Amino acid sequence: MTITGSDLPAGHLEILDFARRWYPYGGGTAEDILVEFGIAEREYFRRLSDILDGKEGAAVDRSTFAAMKKVAADRLAT
């Protein structure tokens, strides 16, 4: 299943794209997140986790999904 930008609620595609680029590096800095989305890092990682738990998560390959979920969980735990 491939999800396109037209299938996603506003902002979801951007959050997923950012997460795909940055999960290998721990998810991006708080400053990068604030500049890109205008929200605090905790809010970003909460939204990312919610997106991955929804239908969009089914379109992400399992290894990438697991890695992004771990980054989000780790950043929310701090």
# chains A, B, ... in the order shown; residues from 1 in each chain; ligands from 1

$ residues_around --residues "A:Gly11" --least-positions-apart "4" --cutoff "10 Å" --atoms "only C-alpha atoms" --output "PyMOL selection string"
chain A and resi 5+15-16+37+47

$ atom_distance --atom1 "atom CA of A:Val35" --atom2 "atom CA of A:Glu14"
12.9 Å

$ residues_around --residues "A:Phe65" --least-positions-apart "3" --cutoff "12 Å" --atoms "only C-alpha atoms" --output "MDAnalysis selection string"
chainID A and resid 16 19:20 23:24 48:49 51:54 56:62 68:72

$ write_last_selection --atoms "N, CA, C and O atoms" --output "PDB file, in the first residue's frame"
ATOM      1  N   LEU A  16       5.968  12.708   8.211  1.00  0.00           N
ATOM      2  CA  LEU A  16       6.558  11.421   7.818  1.00  0.00           C
ATOM      3  C   LEU A  16       7.828  11.613   6.992  1.00  0.00           C
ATOM      4  O   LEU A  16       8.812  10.889   7.187  1.00  0.00           O
ATOM      5  N   ALA A  19      10.578  12.630   9.337  1.00  0.00           N
ATOM      6  CA  ALA A  19      10.963  11.474  10.152  1.00  0.00           C
ATOM      7  C   ALA A  19      11.829  10.503   9.352  1.00  0.00           C
ATOM      8  O   ALA A  19      12.822   9.976   9.870  1.00  0.00           O
ATOM      9  N   ARG A  20      11.475  10.263   8.086  1.00  0.00           N
ATOM     10  CA  ARG A  20      12.273   9.363   7.249  1.00  0.00           C
ATOM     11  C   ARG A  20      13.693   9.895   7.044  1.00  0.00           C
ATOM     12  O   ARG A  20      14.645   9.134   7.002  1.00  0.00           O
ATOM     13  N   TYR A  23      15.314   9.973  11.169  1.00  0.00           N
ATOM     14  CA  TYR A  23      15.347   8.923  12.190  1.00  0.00           C
ATOM     15  C   TYR A  23      16.723   8.277  12.346  1.00  0.00           C
ATOM     16  O   TYR A  23      17.105   7.918  13.463  1.00  0.00           O
ATOM     17  N   PRO A  24      17.523   8.141  11.267  1.00  0.00           N
ATOM     18  CA  PRO A  24      18.851   7.528  11.487  1.00  0.00           C
ATOM     19  C   PRO A  24      19.764   8.370  12.384  1.00  0.00           C
ATOM     20  O   PRO A  24      20.755   7.869  12.912  1.00  0.00           O
ATOM     21  N   LEU A  48       4.011  12.286  15.391  1.00  0.00           N
ATOM     22  CA  LEU A  48       4.617  11.221  14.594  1.00  0.00           C
ATOM     23  C   LEU A  48       4.161   9.859  15.096  1.00  0.00           C
ATOM     24  O   LEU A  48       3.769   8.991  14.301  1.00  0.00           O
ATOM     25  N   SER A  49       4.192   9.644  16.380  1.00  0.00           N
ATOM     26  CA  SER A  49       3.762   8.368  16.946  1.00  0.00           C
ATOM     27  C   SER A  49       2.300   8.082  16.612  1.00  0.00           C
ATOM     28  O   SER A  49       1.949   6.962  16.223  1.00  0.00           O
ATOM     29  N   ILE A  51       0.613   9.265  14.050  1.00  0.00           N
ATOM     30  CA  ILE A  51       0.530   8.997  12.611  1.00  0.00           C
ATOM     31  C   ILE A  51       0.946   7.561  12.315  1.00  0.00           C
ATOM     32  O   ILE A  51       0.276   6.853  11.559  1.00  0.00           O
ATOM     33  N   LEU A  52       2.039   7.125  12.921  1.00  0.00           N
ATOM     34  CA  LEU A  52       2.506   5.762  12.690  1.00  0.00           C
ATOM     35  C   LEU A  52       1.513   4.723  13.210  1.00  0.00           C
ATOM     36  O   LEU A  52       1.402   3.636  12.640  1.00  0.00           O
ATOM     37  N   ASP A  53       0.797   5.054  14.273  1.00  0.00           N
ATOM     38  CA  ASP A  53      -0.204   4.142  14.821  1.00  0.00           C
ATOM     39  C   ASP A  53      -1.472   4.091  13.978  1.00  0.00           C
ATOM     40  O   ASP A  53      -2.281   3.187  14.129  1.00  0.00           O
ATOM     41  N   GLY A  54      -1.640   5.049  13.082  1.00  0.00           N
ATOM     42  CA  GLY A  54      -2.813   5.103  12.219  1.00  0.00           C
ATOM     43  C   GLY A  54      -2.573   4.377  10.907  1.00  0.00           C
ATOM     44  O   GLY A  54      -1.603   3.647  10.727  1.00  0.00           O
ATOM     45  N   GLU A  56      -1.505   5.426   8.132  1.00  0.00           N
ATOM     46  CA  GLU A  56      -0.261   5.781   7.458  1.00  0.00           C
ATOM     47  C   GLU A  56       0.872   4.845   7.846  1.00  0.00           C
ATOM     48  O   GLU A  56       1.762   4.559   7.049  1.00  0.00           O
ATOM     49  N   GLY A  57       0.850   4.354   9.079  1.00  0.00           N
ATOM     50  CA  GLY A  57       1.891   3.451   9.557  1.00  0.00           C
ATOM     51  C   GLY A  57       1.953   2.155   8.775  1.00  0.00           C
ATOM     52  O   GLY A  57       3.019   1.567   8.617  1.00  0.00           O
ATOM     53  N   ALA A  58       0.821   1.716   8.247  1.00  0.00           N
ATOM     54  CA  ALA A  58       0.782   0.474   7.471  1.00  0.00           C
ATOM     55  C   ALA A  58       1.549   0.599   6.162  1.00  0.00           C
ATOM     56  O   ALA A  58       1.978  -0.403   5.587  1.00  0.00           O
ATOM     57  N   ALA A  59       1.744   1.813   5.675  1.00  0.00           N
ATOM     58  CA  ALA A  59       2.444   2.028   4.408  1.00  0.00           C
ATOM     59  C   ALA A  59       3.956   2.160   4.581  1.00  0.00           C
ATOM     60  O   ALA A  59       4.677   2.231   3.606  1.00  0.00           O
ATOM     61  N   VAL A  60       4.418   2.181   5.820  1.00  0.00           N
ATOM     62  CA  VAL A  60       5.846   2.312   6.101  1.00  0.00           C
ATOM     63  C   VAL A  60       6.419   0.912   6.269  1.00  0.00           C
ATOM     64  O   VAL A  60       5.847   0.090   6.989  1.00  0.00           O
ATOM     65  N   ASP A  61       7.568   0.639   5.608  1.00  0.00           N
ATOM     66  CA  ASP A  61       8.144  -0.703   5.743  1.00  0.00           C
ATOM     67  C   ASP A  61       8.460  -0.977   7.212  1.00  0.00           C
ATOM     68  O   ASP A  61       8.718  -0.061   7.987  1.00  0.00           O
ATOM     69  N   ARG A  62       8.392  -2.211   7.598  1.00  0.00           N
ATOM     70  CA  ARG A  62       8.461  -2.613   9.014  1.00  0.00           C
ATOM     71  C   ARG A  62       9.736  -2.153   9.716  1.00  0.00           C
ATOM     72  O   ARG A  62       9.685  -1.728  10.859  1.00  0.00           O
ATOM     73  N   MET A  68      11.491   4.391  13.473  1.00  0.00           N
ATOM     74  CA  MET A  68      10.861   5.684  13.740  1.00  0.00           C
ATOM     75  C   MET A  68      10.070   5.648  15.048  1.00  0.00           C
ATOM     76  O   MET A  68      10.080   6.627  15.807  1.00  0.00           O
ATOM     77  N   LYS A  69       9.388   4.544  15.328  1.00  0.00           N
ATOM     78  CA  LYS A  69       8.651   4.423  16.593  1.00  0.00           C
ATOM     79  C   LYS A  69       9.607   4.481  17.781  1.00  0.00           C
ATOM     80  O   LYS A  69       9.311   5.111  18.796  1.00  0.00           O
ATOM     81  N   LYS A  70      10.777   3.827  17.647  1.00  0.00           N
ATOM     82  CA  LYS A  70      11.753   3.838  18.731  1.00  0.00           C
ATOM     83  C   LYS A  70      12.286   5.242  18.963  1.00  0.00           C
ATOM     84  O   LYS A  70      12.391   5.688  20.107  1.00  0.00           O
ATOM     85  N   VAL A  71      12.623   5.940  17.900  1.00  0.00           N
ATOM     86  CA  VAL A  71      13.105   7.323  18.038  1.00  0.00           C
ATOM     87  C   VAL A  71      12.047   8.169  18.734  1.00  0.00           C
ATOM     88  O   VAL A  71      12.346   8.917  19.665  1.00  0.00           O
ATOM     89  N   ALA A  72      10.785   8.052  18.280  1.00  0.00           N
ATOM     90  CA  ALA A  72       9.710   8.840  18.892  1.00  0.00           C
ATOM     91  C   ALA A  72       9.557   8.500  20.366  1.00  0.00           C
ATOM     92  O   ALA A  72       9.455   9.404  21.221  1.00  0.00           O
TER      93      ALA A  72
END

$ closest_residue --among "A:Phe18, A:Ala67, A:Ala30, A:Arg75" --to "A:Phe45" --atoms "only C-alpha atoms"
A:Arg75

$ select_by_dssp --residues "chain A" --states "helix (DSSP H, G or I)" --output "number ranges by chain"
A: 5-7, 12-25, 30-37, 41-53, 55-59, 62-77
